[in-house]
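Scroll down for the structure; my scribbles are underneath it.
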Amino acid sequence: MCAVHVRHKPLTSLSKPRQLVLVVPALKSQVNLSRMVRLAGCAGITRIITSGPSKVDPKIARDGADHVTIEKRRSLVPVLKNLKQDGYRIVGLEQTDDSHLIYEYRYQAKTALLIGHERHGITDEELAVVDDCIEIPVYGMPFSYNVVTATTMGVYEYCRQFPK
């Protein structure tokens, strides 16, 4: 049997909008934010909340820039507290002494995924608001994945658990 290559299949429809929000600190590289916008667009995520500069390169974000709302805030701690009051489970993507392995963790449908800074991770003030932390095992050097790669894995696992 020979497969036929299909460059762009029709989009997979969602029965309802995704309830996953990405919460992203001011990143060192705006390329990383642009890549996260593209990721969000592909995954059907419509909301990213960030602090700091939020310039998105449309060449990198592609069509995601047209479908994802980026909200800019001064500080993420009040945002996380508000999301928690709105019924979101706050999940930090971070290695901690009590973090869950990503492939063992059960997301709630209404989740805010807090991403750590490329160099410094999630701050202690942000960790104090987080309900759970998930980590991605690292089997070689360096000690952690690129921030967009890790975010992609976190988003993929959420989408795997809530496919439509």
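Identifiers for the structure tokens are assigned positionally: chains receive A, B, ... in sequence, residues are indexed from 1 per chain, and ligands are indexed from 1 in the order shown.
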Can you list, as JSON, numbers by chain, every protein, DNA or RNA residue that comes within 12 Å of Gly44 (chain A) when you count only C-alpha atoms, leaving out same-chain residues fewer than 2 positions away?
{"A": [11, 12, 13, 14, 15, 16, 17, 18, 19, 20, 21, 22, 37, 38, 39, 40, 41, 42, 46, 47, 48, 63, 64, 66, 67, 68, 69, 155, 156, 158, 159, 162, 163, 164]}
Generate a file of the selected residues that holds C-alpha atoms, formatted as a PDB file, in the first residue's frame.
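Wrote it out as selection26.pdb, contents follow:
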```pdb
ATOM      1  CA  LEU A  11      -8.978  21.420  10.385  1.00  0.00           C
ATOM      2  CA  THR A  12     -10.151  19.169  13.184  1.00  0.00           C
ATOM      3  CA  SER A  13     -13.254  20.749  14.660  1.00  0.00           C
ATOM      4  CA  LEU A  14     -13.706  21.269  18.386  1.00  0.00           C
ATOM      5  CA  SER A  15     -17.099  20.655  19.995  1.00  0.00           C
ATOM      6  CA  LYS A  16     -16.488  23.726  22.177  1.00  0.00           C
ATOM      7  CA  PRO A  17     -13.655  26.241  22.558  1.00  0.00           C
ATOM      8  CA  ARG A  18     -10.613  25.073  24.494  1.00  0.00           C
ATOM      9  CA  GLN A  19     -10.581  26.187  28.119  1.00  0.00           C
ATOM     10  CA  LEU A  20      -6.782  26.249  28.259  1.00  0.00           C
ATOM     11  CA  VAL A  21      -5.107  29.611  28.784  1.00  0.00           C
ATOM     12  CA  LEU A  22      -1.345  30.049  28.416  1.00  0.00           C
ATOM     13  CA  VAL A  37       1.272  32.024  19.348  1.00  0.00           C
ATOM     14  CA  ARG A  38       1.629  29.647  16.414  1.00  0.00           C
ATOM     15  CA  LEU A  39       1.339  26.672  18.779  1.00  0.00           C
ATOM     16  CA  ALA A  40      -1.769  28.150  20.404  1.00  0.00           C
ATOM     17  CA  GLY A  41      -3.381  28.749  17.024  1.00  0.00           C
ATOM     18  CA  CYS A  42      -2.754  25.163  15.914  1.00  0.00           C
ATOM     19  CA  THR A  46      -7.446  31.509  21.831  1.00  0.00           C
ATOM     20  CA  ARG A  47      -5.887  33.299  24.802  1.00  0.00           C
ATOM     21  CA  ILE A  48      -2.340  34.020  25.939  1.00  0.00           C
ATOM     22  CA  ASP A  63      -2.049  32.463  11.022  1.00  0.00           C
ATOM     23  CA  GLY A  64      -1.977  31.965  14.782  1.00  0.00           C
ATOM     24  CA  ASP A  66      -5.049  36.174  13.671  1.00  0.00           C
ATOM     25  CA  HIS A  67      -6.746  33.728  16.035  1.00  0.00           C
ATOM     26  CA  VAL A  68      -5.036  34.208  19.391  1.00  0.00           C
ATOM     27  CA  THR A  69      -5.707  37.126  21.725  1.00  0.00           C
ATOM     28  CA  VAL A 155      -0.212  21.739  25.372  1.00  0.00           C
ATOM     29  CA  TYR A 156      -0.056  18.452  23.465  1.00  0.00           C
ATOM     30  CA  TYR A 158      -3.742  18.728  27.428  1.00  0.00           C
ATOM     31  CA  CYS A 159      -5.079  18.274  23.876  1.00  0.00           C
ATOM     32  CA  PHE A 162      -9.321  16.762  25.729  1.00  0.00           C
ATOM     33  CA  PRO A 163      -9.192  15.949  22.010  1.00  0.00           C
ATOM     34  CA  LYS A 164     -12.417  17.660  20.981  1.00  0.00           C
TER      35      LYS A 164
END
```
Neighbour list for Thr149 (chain A) as a list in words, cut-off 12 Å, only C-alpha atoms, skip fewer than 4 positions in-chain
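Returned residues: Asn32, Leu33, Arg35, Met36, Leu39, Leu93, Ile115, Glu118, Ile136, Ser144, Tyr145, Met153, Gly154, Val155 and Tyr156 of chain A.
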Which of chain A fall in alpha helix (DSSP H), as a VMD selection string
chain A and resid 30 to 43 58 to 61 64 to 67 76 to 85 124 to 127 147 to 161
Identify, on the basis of only C-alpha atoms, every residue whose closest approach to Lys28 (chain A) does not exceed 12 Å; exclude the query and any residue fewer than 5 positions from it along the same chain; express the result as a list in words.
Leu33, Ser51, Gly52, Pro53, Ser54, Lys55, Gly116, His117, Glu118, Arg119, His120, Gly121, Asn146 and Val147 of chain A
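The neighbours of Arg73 (chain A) here are the residues that come within 8 Å of it, using only C-alpha atoms and leaving out any residue fewer than 2 positions away in the same chain; they are Ile49, Thr50, Ser51, Gly52, Glu71, Ser75, Leu76 and Val79 of chain A.
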